[in-house]
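Just run.cif here, mmCIF, C-alpha atoms (C1' of nucleotides):
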```cif
data_query
loop_
_atom_site.label_atom_id
_atom_site.label_comp_id
_atom_site.auth_asym_id
_atom_site.auth_seq_id
_atom_site.Cartn_x
_atom_site.Cartn_y
_atom_site.Cartn_z
CA MET A 1 -27.70 7.52 -20.38
CA THR A 2 -25.95 4.22 -20.96
CA GLU A 3 -22.25 4.93 -20.89
CA LYS A 4 -19.77 3.22 -23.08
CA PRO A 5 -18.44 0.18 -21.24
CA HIS A 6 -15.24 1.09 -19.52
CA ILE A 7 -12.63 -0.36 -17.28
CA ASN A 8 -14.47 1.38 -14.54
CA GLY A 9 -17.34 -1.04 -14.95
CA ILE A 10 -16.60 -4.59 -14.04
CA MET A 11 -13.18 -3.81 -12.65
CA ALA A 12 -14.59 -1.19 -10.33
CA GLN A 13 -17.13 -3.72 -9.21
CA ILE A 14 -14.48 -6.31 -8.51
CA GLY A 15 -12.53 -3.71 -6.64
CA ARG A 16 -15.50 -2.82 -4.48
CA ILE A 17 -16.23 -6.42 -3.70
CA ARG A 18 -12.67 -6.79 -2.54
CA GLU A 19 -12.91 -3.69 -0.40
CA HIS A 20 -16.15 -4.65 1.23
CA ALA A 21 -14.88 -8.14 1.89
CA ALA A 22 -11.80 -6.69 3.54
CA LEU A 23 -13.99 -4.36 5.56
CA PHE A 24 -16.14 -7.23 6.73
CA ILE A 25 -13.12 -9.19 7.83
CA GLU A 26 -11.64 -6.23 9.68
CA GLN A 27 -14.88 -5.73 11.56
CA GLU A 28 -15.12 -9.39 12.45
CA LEU A 29 -11.55 -9.46 13.68
CA LYS A 30 -12.25 -6.47 15.87
CA ARG A 31 -15.42 -8.11 17.12
CA ASN A 32 -13.36 -11.11 18.16
CA GLU A 33 -10.78 -8.97 19.91
CA ILE A 34 -8.08 -9.95 17.44
CA HIS A 35 -5.68 -7.10 16.88
CA GLY A 36 -2.78 -6.43 14.58
CA ILE A 37 -4.07 -8.67 11.82
CA LEU A 38 -5.17 -7.40 8.44
CA PRO A 39 -7.05 -9.17 5.65
CA ALA A 40 -3.82 -9.49 3.70
CA HIS A 41 -2.45 -11.74 6.42
CA GLY A 42 -5.19 -14.25 5.81
CA ILE A 43 -3.38 -16.08 3.06
CA VAL A 44 -0.28 -16.44 5.22
CA LEU A 45 -2.15 -17.65 8.28
CA PHE A 46 -4.31 -19.96 6.22
CA PHE A 47 -1.15 -21.61 4.94
CA LEU A 48 0.50 -21.81 8.34
CA PHE A 49 -2.59 -23.34 9.92
CA GLN A 50 -2.25 -26.41 7.79
CA GLN A 51 1.43 -26.96 8.46
CA GLN A 52 2.74 -29.39 11.04
CA HIS A 53 6.30 -28.08 10.89
CA PRO A 54 8.02 -24.73 10.52
CA VAL A 55 8.10 -23.53 6.94
CA ALA A 56 10.64 -21.51 5.01
CA MET A 57 9.89 -17.99 3.86
CA LYS A 58 10.26 -19.23 0.33
CA GLU A 59 7.27 -21.54 0.73
CA ILE A 60 5.13 -18.72 2.04
CA VAL A 61 6.22 -16.56 -0.85
CA GLU A 62 5.08 -19.21 -3.31
CA LYS A 63 1.79 -19.95 -1.60
CA ALA A 64 0.89 -16.36 -0.92
CA GLY A 65 1.71 -15.22 -4.43
CA ARG A 66 3.46 -12.16 -3.06
CA VAL A 67 7.00 -11.02 -3.65
CA LYS A 68 9.77 -11.85 -1.19
CA SER A 69 10.06 -8.37 0.22
CA THR A 70 6.34 -8.22 0.82
CA VAL A 71 6.33 -11.48 2.72
CA THR A 72 9.27 -10.32 4.80
CA GLY A 73 7.21 -7.33 5.85
CA MET A 74 4.05 -9.29 6.58
CA VAL A 75 5.84 -11.95 8.61
CA ASN A 76 7.64 -9.24 10.55
CA THR A 77 4.32 -7.62 11.32
CA LEU A 78 2.82 -10.93 12.42
CA GLU A 79 5.90 -11.59 14.53
CA HIS A 80 5.76 -8.15 16.06
CA HIS A 81 2.21 -8.87 17.17
CA GLY A 82 3.21 -12.24 18.52
CA TYR A 83 1.36 -14.52 16.11
CA VAL A 84 4.41 -16.18 14.57
CA GLU A 85 8.09 -16.63 15.33
CA LYS A 86 11.09 -16.88 13.06
CA PHE A 87 14.39 -18.67 13.45
CA GLN A 88 17.27 -19.67 11.27
CA SER A 89 17.31 -23.20 9.92
CA PRO A 90 20.04 -25.35 11.50
CA GLN A 91 20.40 -27.29 8.26
CA ASP A 92 20.66 -24.36 5.88
CA GLY A 93 21.84 -21.06 7.22
CA ARG A 94 20.12 -19.20 4.42
CA VAL A 95 16.57 -20.19 5.19
CA MET A 96 14.42 -18.59 7.85
CA LEU A 97 11.81 -20.89 9.30
CA VAL A 98 8.46 -19.54 10.40
CA GLN A 99 5.96 -21.12 12.72
CA LEU A 100 2.85 -20.12 14.60
CA THR A 101 3.06 -19.24 18.26
CA GLU A 102 0.48 -20.33 20.78
CA LYS A 103 -1.24 -17.00 20.24
CA GLY A 104 -1.14 -17.65 16.53
CA ARG A 105 -2.73 -21.07 16.84
CA SER A 106 -5.34 -19.73 19.22
CA ILE A 107 -7.02 -17.56 16.62
CA ARG A 108 -7.61 -20.39 14.19
CA PRO A 109 -11.21 -21.11 15.26
CA ALA A 110 -12.17 -17.46 14.91
CA PHE A 111 -10.40 -17.38 11.59
CA GLU A 112 -12.35 -20.35 10.26
CA GLU A 113 -15.60 -18.97 11.56
CA ILE A 114 -15.08 -15.58 10.00
CA SER A 115 -14.16 -17.23 6.76
CA GLY A 116 -17.39 -19.21 6.75
CA ARG A 117 -19.57 -16.24 7.63
CA MET A 118 -17.88 -14.27 4.97
CA LEU A 119 -18.78 -16.80 2.30
CA ASP A 120 -22.34 -17.04 3.57
CA LYS A 121 -22.75 -13.32 3.46
CA LEU A 122 -21.07 -13.01 0.09
CA TYR A 123 -23.16 -15.60 -1.69
CA GLY A 124 -26.35 -15.01 0.22
CA GLY A 125 -29.11 -17.07 -1.28
CA MET A 126 -27.37 -17.78 -4.54
CA PRO A 127 -27.96 -21.40 -5.53
CA PRO A 128 -24.91 -23.68 -5.61
CA ALA A 129 -25.17 -24.18 -9.35
CA ASP A 130 -24.95 -20.44 -9.90
CA ARG A 131 -22.03 -20.16 -7.51
CA GLU A 132 -20.15 -22.77 -9.46
CA LYS A 133 -20.85 -21.16 -12.77
CA LEU A 134 -19.81 -17.80 -11.41
CA VAL A 135 -16.49 -19.16 -10.24
CA ASP A 136 -16.01 -20.85 -13.60
CA GLN A 137 -16.62 -17.61 -15.41
CA LEU A 138 -14.21 -15.75 -13.19
CA THR A 139 -11.69 -18.45 -13.89
CA GLN A 140 -12.27 -17.84 -17.55
CA LEU A 141 -11.69 -14.13 -17.17
CA LEU A 142 -8.47 -14.81 -15.31
CA GLN A 143 -7.33 -17.15 -18.06
CA ASN A 144 -8.15 -14.53 -20.65
CA LEU A 145 -6.00 -12.00 -18.86
CA LYS A 146 -3.16 -14.42 -18.38
CA GLY A 147 -3.16 -15.50 -21.99
CA ALA A 148 -0.52 -13.82 -24.12
CA MET B 149 -8.90 -33.81 -2.20
CA THR B 150 -11.67 -31.25 -2.47
CA GLU B 151 -10.99 -28.68 0.18
CA LYS B 152 -13.65 -27.01 2.19
CA PRO B 153 -14.64 -23.78 0.46
CA HIS B 154 -12.69 -20.95 1.96
CA ILE B 155 -12.21 -17.27 1.62
CA ASN B 156 -9.17 -18.16 -0.36
CA GLY B 157 -11.37 -19.44 -3.14
CA ILE B 158 -13.43 -16.85 -4.90
CA MET B 159 -11.77 -13.95 -3.13
CA ALA B 160 -8.34 -15.13 -4.19
CA GLN B 161 -9.63 -15.37 -7.71
CA ILE B 162 -11.00 -11.87 -7.61
CA GLY B 163 -7.72 -10.68 -6.23
CA ARG B 164 -5.77 -12.31 -9.03
CA ILE B 165 -8.03 -10.83 -11.67
CA ARG B 166 -7.39 -7.45 -10.19
CA GLU B 167 -3.66 -8.01 -10.15
CA HIS B 168 -3.47 -9.23 -13.70
CA ALA B 169 -5.64 -6.38 -14.88
CA ALA B 170 -3.32 -3.93 -13.17
CA LEU B 171 -0.35 -5.66 -14.72
CA PHE B 172 -1.89 -5.42 -18.16
CA ILE B 173 -2.52 -1.73 -17.74
CA GLU B 174 1.00 -1.07 -16.51
CA GLN B 175 2.44 -2.82 -19.53
CA GLU B 176 0.20 -0.92 -21.92
CA LEU B 177 1.12 2.38 -20.33
CA LYS B 178 4.77 1.56 -20.71
CA ARG B 179 4.19 0.52 -24.31
CA ASN B 180 2.65 3.94 -24.93
CA GLU B 181 5.53 5.75 -23.28
CA ILE B 182 3.32 7.04 -20.51
CA HIS B 183 5.24 7.30 -17.27
CA GLY B 184 4.39 8.07 -13.68
CA ILE B 185 0.86 6.77 -13.93
CA LEU B 186 -0.40 3.77 -12.02
CA PRO B 187 -3.62 1.79 -12.45
CA ALA B 188 -5.01 3.43 -9.34
CA HIS B 189 -4.88 6.79 -11.08
CA GLY B 190 -7.31 5.57 -13.70
CA ILE B 191 -10.39 6.42 -11.71
CA VAL B 192 -9.13 9.95 -11.10
CA LEU B 193 -8.17 10.58 -14.70
CA PHE B 194 -11.38 9.02 -15.96
CA PHE B 195 -13.30 11.50 -13.87
CA LEU B 196 -11.19 14.48 -14.89
CA PHE B 197 -11.49 13.63 -18.58
CA GLN B 198 -15.20 14.24 -18.48
CA GLN B 199 -15.01 17.57 -16.69
CA GLN B 200 -15.15 20.90 -18.45
CA HIS B 201 -14.07 22.89 -15.42
CA PRO B 202 -11.65 22.50 -12.53
CA VAL B 203 -13.03 20.29 -9.79
CA ALA B 204 -12.59 20.33 -6.04
CA MET B 205 -10.66 17.61 -4.26
CA LYS B 206 -13.85 16.76 -2.46
CA GLU B 207 -15.50 15.76 -5.72
CA ILE B 208 -12.63 13.51 -6.65
CA VAL B 209 -12.78 11.95 -3.23
CA GLU B 210 -16.43 11.11 -3.73
CA LYS B 211 -16.09 9.83 -7.27
CA ALA B 212 -12.94 7.85 -6.65
CA GLY B 213 -14.26 6.25 -3.51
CA ARG B 214 -10.94 6.82 -1.78
CA VAL B 215 -10.28 8.63 1.44
CA LYS B 216 -9.21 12.28 1.46
CA SER B 217 -5.62 11.60 2.38
CA THR B 218 -5.32 9.03 -0.38
CA VAL B 219 -6.60 11.44 -3.00
CA THR B 220 -4.23 14.12 -1.75
CA GLY B 221 -1.37 11.74 -2.37
CA MET B 222 -2.54 10.62 -5.79
CA VAL B 223 -3.20 14.13 -7.02
CA ASN B 224 0.20 15.21 -5.76
CA THR B 225 1.77 12.36 -7.68
CA LEU B 226 -0.13 13.27 -10.82
CA GLU B 227 0.85 16.89 -10.35
CA HIS B 228 4.47 15.98 -9.79
CA HIS B 229 4.45 14.18 -13.13
CA GLY B 230 2.76 17.10 -14.82
CA TYR B 231 -0.61 15.57 -15.63
CA VAL B 232 -2.70 17.88 -13.44
CA GLU B 233 -2.38 21.20 -11.67
CA LYS B 234 -3.88 22.46 -8.44
CA PHE B 235 -4.82 25.94 -7.31
CA GLN B 236 -6.84 27.48 -4.55
CA SER B 237 -10.40 28.47 -5.29
CA PRO B 238 -10.91 32.24 -5.39
CA GLN B 239 -14.44 31.80 -4.08
CA ASP B 240 -13.70 29.50 -1.18
CA GLY B 241 -10.25 29.54 0.32
CA ARG B 242 -10.67 26.03 1.67
CA VAL B 243 -11.14 24.23 -1.60
CA MET B 244 -8.34 23.20 -3.90
CA LEU B 245 -9.31 23.00 -7.54
CA VAL B 246 -7.75 20.41 -9.80
CA GLN B 247 -7.59 20.37 -13.58
CA LEU B 248 -5.79 18.48 -16.30
CA THR B 249 -2.75 20.02 -17.93
CA GLU B 250 -2.10 19.81 -21.65
CA LYS B 251 0.02 16.76 -20.95
CA GLY B 252 -2.84 15.32 -18.96
CA ARG B 253 -5.33 15.81 -21.76
CA SER B 254 -2.90 14.40 -24.28
CA ILE B 255 -2.98 10.91 -22.86
CA ARG B 256 -6.74 10.56 -23.11
CA PRO B 257 -6.75 8.70 -26.44
CA ALA B 258 -4.24 6.16 -25.17
CA PHE B 259 -6.24 5.86 -22.01
CA GLU B 260 -9.42 5.07 -23.89
CA GLU B 261 -7.67 2.64 -26.16
CA ILE B 262 -6.06 0.75 -23.31
CA SER B 263 -9.39 0.62 -21.57
CA GLY B 264 -11.01 -0.94 -24.61
CA ARG B 265 -8.28 -3.49 -25.18
CA MET B 266 -8.44 -4.38 -21.56
CA LEU B 267 -12.12 -5.19 -21.78
CA ASP B 268 -11.63 -7.16 -24.98
CA LYS B 269 -8.89 -9.21 -23.45
CA LEU B 270 -10.77 -9.69 -20.20
CA TYR B 271 -13.98 -10.95 -21.75
CA GLY B 272 -12.43 -12.70 -24.70
CA GLY B 273 -15.08 -14.56 -26.61
CA MET B 274 -17.68 -14.47 -23.87
CA PRO B 275 -21.10 -13.74 -25.39
CA PRO B 276 -22.72 -10.44 -24.41
CA ALA B 277 -25.54 -12.19 -22.61
CA ASP B 278 -23.06 -13.98 -20.37
CA ARG B 279 -21.18 -10.79 -19.74
CA GLU B 280 -24.31 -9.10 -18.58
CA LYS B 281 -25.31 -11.93 -16.33
CA LEU B 282 -21.83 -12.04 -14.86
CA VAL B 283 -21.96 -8.36 -14.03
CA ASP B 284 -25.39 -8.83 -12.53
CA GLN B 285 -24.17 -11.60 -10.33
CA LEU B 286 -21.20 -9.57 -9.17
CA THR B 287 -23.59 -6.76 -8.40
CA GLN B 288 -25.54 -9.22 -6.33
CA LEU B 289 -22.46 -10.27 -4.41
CA LEU B 290 -21.62 -6.65 -3.74
CA GLN B 291 -25.12 -6.01 -2.48
CA ASN B 292 -24.89 -9.05 -0.24
CA LEU B 293 -21.72 -7.72 1.30
CA LYS B 294 -23.10 -4.25 1.71
CA GLY B 295 -26.29 -5.45 3.32
CA ALA B 296 -26.29 -5.20 7.08
"C1'" DT C 297 -18.91 40.84 16.40
"C1'" DG C 298 -16.98 37.07 18.93
"C1'" DA C 299 -17.12 32.17 20.28
"C1'" DC C 300 -17.99 27.83 18.49
"C1'" DA C 301 -18.90 24.45 14.97
"C1'" DT C 302 -18.44 22.74 10.30
"C1'" DT C 303 -16.10 21.99 6.10
"C1'" DT C 304 -11.89 21.22 3.22
"C1'" DG C 305 -7.36 19.58 2.74
"C1'" DT C 306 -2.86 18.28 4.40
"C1'" DT C 307 0.32 15.80 7.36
"C1'" DC C 308 1.84 11.81 9.77
"C1'" DG C 309 2.39 7.02 11.00
"C1'" DG C 310 1.50 2.30 9.77
"C1'" DC C 311 0.97 -1.37 6.49
"C1'" DC C 312 0.79 -3.77 2.01
"C1'" DA C 313 3.06 -4.19 -2.38
"C1'" DC C 314 6.64 -3.98 -5.80
"C1'" DG C 315 11.41 -3.88 -7.84
"C1'" DA C 316 16.27 -3.29 -7.40
"C1'" DA C 317 20.28 -3.73 -4.86
"C1'" DC C 318 22.55 -6.06 -1.29
"C1'" DT C 319 24.19 -9.76 2.21
"C1'" DA C 320 24.89 -14.27 3.65
"C1'" DT C 321 25.04 -18.95 2.82
"C1'" DC C 322 25.42 -22.97 0.13
"C1'" DA C 323 26.60 -25.44 -4.37
"C1'" DA C 324 29.35 -26.40 -8.41
"C1'" DT C 325 33.50 -26.78 -10.77
"C1'" DA C 326 37.84 -25.87 -12.54
"C1'" DT D 327 40.43 -25.59 -2.40
"C1'" DA D 328 39.47 -21.16 -4.42
"C1'" DT D 329 36.53 -18.97 -7.59
"C1'" DT D 330 32.26 -18.52 -9.42
"C1'" DG D 331 27.40 -18.99 -9.48
"C1'" DA D 332 22.91 -19.94 -7.53
"C1'" DT D 333 19.64 -19.42 -3.61
"C1'" DA D 334 17.28 -17.28 0.53
"C1'" DG D 335 16.15 -13.17 2.84
"C1'" DT D 336 16.57 -8.38 4.01
"C1'" DT D 337 16.87 -3.48 3.09
"C1'" DC D 338 15.58 0.60 0.73
"C1'" DG D 339 12.89 3.71 -2.04
"C1'" DT D 340 8.32 4.72 -4.18
"C1'" DG D 341 3.54 4.79 -3.75
"C1'" DG D 342 -1.36 3.37 -2.78
"C1'" DC D 343 -4.39 3.18 1.17
"C1'" DC D 344 -6.28 4.07 5.70
"C1'" DG D 345 -7.29 6.56 10.16
"C1'" DA D 346 -6.24 10.14 13.36
"C1'" DA D 347 -4.72 14.56 14.27
"C1'" DC D 348 -4.18 19.04 12.61
"C1'" DA D 349 -4.61 23.81 10.21
"C1'" DA D 350 -7.13 27.06 7.62
"C1'" DA D 351 -11.21 29.02 5.95
"C1'" DT D 352 -16.03 29.51 6.22
"C1'" DG D 353 -20.71 29.30 8.65
"C1'" DT D 354 -23.67 29.94 12.51
"C1'" DC D 355 -25.72 32.29 16.07
"C1'" DA D 356 -26.14 34.53 20.30
#
```

Rewrite the coordinates I just gave you, this time as structure tokens.
Amino acid sequence: MTEKPHINGIMAQIGRIREHAALFIEQELKRNEIHGILPAHGIVLFFLFQQQHPVAMKEIVEKAGRVKSTVTGMVNTLEHHGYVEKFQSPQDGRVMLVQLTEKGRSIRPAFEEISGRMLDKLYGGMPPADREKLVDQLTQLLQNLKGA
Amino acid sequence: MTEKPHINGIMAQIGRIREHAALFIEQELKRNEIHGILPAHGIVLFFLFQQQHPVAMKEIVEKAGRVKSTVTGMVNTLEHHGYVEKFQSPQDGRVMLVQLTEKGRSIRPAFEEISGRMLDKLYGGMPPADREKLVDQLTQLLQNLKGA
DNA sequence: TGACATTTGTTCGGCCACGAACTATCAATA
DNA sequence: TATTGATAGTTCGTGGCCGAACAAATGTCA
């Protein structure tokens, strides 16, 4: 009955959590009439929300933890849907600066709200102490994987 | 200093664990001279390994938890690299049966070994009791998300 | 048996994600 | 100053992943 522990145990679980979280976010975005945005954009928007000035692609790359080409694609998508705009830096012709448009800024409240509801739903009634320990343990797992 | 808890807390962590796990697997596959296989194929192969007879795409779809079109693509990739073969069912002309090739079966030992090393590395020195509780808590999170 | 519905897969378009190759710009230095 | 090297982004090819549309085979039922 009890199968040998396999990758498809905890990793599958982590994968499913990710999927369901993404699903939840997609539904909430739809509910709020926000279109063209996917869960993957969250990290980019989250970073842009807390900027007062246009930022270089390079900064987004570092913060988002995605590769350059990936960020190029995501920013293009966001631009295509009118949430951000790009322009060349006057100081350094190599860097492309990105900033939120009015439409981009306008979705911030919904974004924050969805984020909060997501956490509430995820943790449910789990006591804060348990939440902390859980995060600590996940941090440990991540360290284990990172370690040579 | 302490930021308000955000999606980009625990979910980012889960995402990074997933990424590093995938990275680890890719490296191990390369180390074992296994080419053309990606971490995402694991769930498909894992299922095929424990089958004694050819299985329908539909079954893979259900077990893998991916959508039909995704499985079509993955199986095609695996077929292209010679790990599986497809053929139409004689009984029901609609179903496509999939089975491992000799090459496909041959990588099973490496697959199992990588899986084990992955778990060892992931958990490190974490005591079994903690492991269990961690999995339980993740199960709880998943249930929370699934719950209406 | 013929019209309609269901089931099974594939195809197509869109997006994320990566790596490799490439372009353009700026920096360093001989 | 001209050559070389570093830096910032984009493009391209491969592939997972989804949803929608589609084709083929089977089931149903009048």

Could you tell me which residues the PyMOL selection byres ((chain D and resi 348) around 9) grabs in this file, written as a PyMOL selection string? (chain C and resi 306-307) or (chain D and resi 347+349)

Please identify every residue of chain C that has at least one atom no more than 10 Å from any atom of chain A, counting only C-alpha atoms (C1' of nucleotides), and report them as number ranges by chain. C: 311-315, 320-322

To one decimal place, how far is atom CA of B:Gly190 from atom CA of B:Gln288 in Å?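 Atom-to-atom, atom CA of B:Gly190 to atom CA of B:Gln288, that is 24.6 Å.
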
Take the PyMOL selection byres ((chain B) within 8 of (chain A)), run it mentally on this structure, and tell me the resulting residues as JSON, numbers by chain. {"B": [154, 155, 156, 158, 159, 161, 162, 163, 164, 165, 166, 168, 169, 172, 191, 263, 264, 266, 267, 269, 270, 271, 272, 282, 283, 285, 286, 287, 289, 290, 292, 293, 294]}

Go ahead and save the picked residues with C-alpha atoms, as a JSON list (two decimals), in the frame of the given file.
```
[["chain", "number", "residue", "atom", "x", "y", "z"],
["B", 154, "HIS", "CA", -12.69, -20.95, 1.96],
["B", 155, "ILE", "CA", -12.21, -17.27, 1.62],
["B", 156, "ASN", "CA", -9.17, -18.16, -0.36],
["B", 158, "ILE", "CA", -13.43, -16.85, -4.90],
["B", 159, "MET", "CA", -11.77, -13.95, -3.13],
["B", 161, "GLN", "CA", -9.63, -15.37, -7.71],
["B", 162, "ILE", "CA", -11.00, -11.87, -7.61],
["B", 163, "GLY", "CA", -7.72, -10.68, -6.23],
["B", 164, "ARG", "CA", -5.77, -12.31, -9.03],
["B", 165, "ILE", "CA", -8.03, -10.83, -11.67],
["B", 166, "ARG", "CA", -7.39, -7.45, -10.19],
["B", 168, "HIS", "CA", -3.47, -9.23, -13.70],
["B", 169, "ALA", "CA", -5.64, -6.38, -14.88],
["B", 172, "PHE", "CA", -1.89, -5.42, -18.16],
["B", 191, "ILE", "CA", -10.39, 6.42, -11.71],
["B", 263, "SER", "CA", -9.39, 0.62, -21.57],
["B", 264, "GLY", "CA", -11.01, -0.94, -24.61],
["B", 266, "MET", "CA", -8.44, -4.38, -21.56],
["B", 267, "LEU", "CA", -12.12, -5.19, -21.78],
["B", 269, "LYS", "CA", -8.89, -9.21, -23.45],
["B", 270, "LEU", "CA", -10.77, -9.69, -20.20],
["B", 271, "TYR", "CA", -13.98, -10.95, -21.75],
["B", 272, "GLY", "CA", -12.43, -12.70, -24.70],
["B", 282, "LEU", "CA", -21.83, -12.04, -14.86],
["B", 283, "VAL", "CA", -21.96, -8.36, -14.03],
["B", 285, "GLN", "CA", -24.17, -11.60, -10.33],
["B", 286, "LEU", "CA", -21.20, -9.57, -9.17],
["B", 287, "THR", "CA", -23.59, -6.76, -8.40],
["B", 289, "LEU", "CA", -22.46, -10.27, -4.41],
["B", 290, "LEU", "CA", -21.62, -6.65, -3.74],
["B", 292, "ASN", "CA", -24.89, -9.05, -0.24],
["B", 293, "LEU", "CA", -21.72, -7.72, 1.30],
["B", 294, "LYS", "CA", -23.10, -4.25, 1.71]]
```

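From atom CA of A:Glu85 back to atom C1' of C:DC318, the distance works out to 24.4 Å.
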
Measuring atom to atom with only C-alpha atoms (C1' of nucleotides), identify which of D:DA350, D:DT336, D:DT327, D:DA356 is nearest to C:DT304.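 For C:DT304, the nearest of the candidates is D:DA350.
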
Residue by residue, what does the PyMOL selection byres ((chain D and resi 354) around 9) grab here? Present the result as an MDAnalysis selection string. (chainID C and resid 300:301) or (chainID D and resid 353 355)

Only C-alpha atoms (C1' of nucleotides), please: the residues just picked out, written as a compact mmCIF listing (two decimals), in the coordinates of the input.
```
# COMPACT_ATOMS: atom_id res chain seq x y z
C1' DC C 300 -17.99 27.83 18.49
C1' DA C 301 -18.90 24.45 14.97
C1' DG D 353 -20.71 29.30 8.65
C1' DC D 355 -25.72 32.29 16.07
```

Any idea what the distance is between atom C1' of C:DG309 and atom CA of A:Leu45?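 Atom CA of A:Leu45 lies at a distance of 25.2 Å from atom C1' of C:DG309.
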
Mind listing as an MDAnalysis selection string which residues of chain D are within 9 Å of chain A, counting all atoms listed in the file? chainID D and resid 333:337

Once you count only C-alpha atoms (C1' of nucleotides), which residues end up no further than 12 Å from (3.4, 7.3, -19.3) in the file's frame, shown as a list in words? Ile173, Glu174, Gln175, Glu176, Leu177, Lys178, Arg179, Asn180, Glu181, Ile182, His183, Gly184, Ile185, Leu186, Pro187, His189, Leu226, His229, Gly230, Tyr231, Lys251, Gly252, Ser254, Ile255, Arg256, Ala258 and Phe259 of chain B

The centre and edge lengths of an axis-aligned box containing all atoms of stretch 257-267 of chain B present in the file, extended by 6 Å on each side, are to be given in Å to one decimal, as JSON.
```
{"center_x": -8.2, "center_y": 1.8, "center_z": -24.0, "size_x": 19.9, "size_y": 25.9, "size_z": 16.9}
```
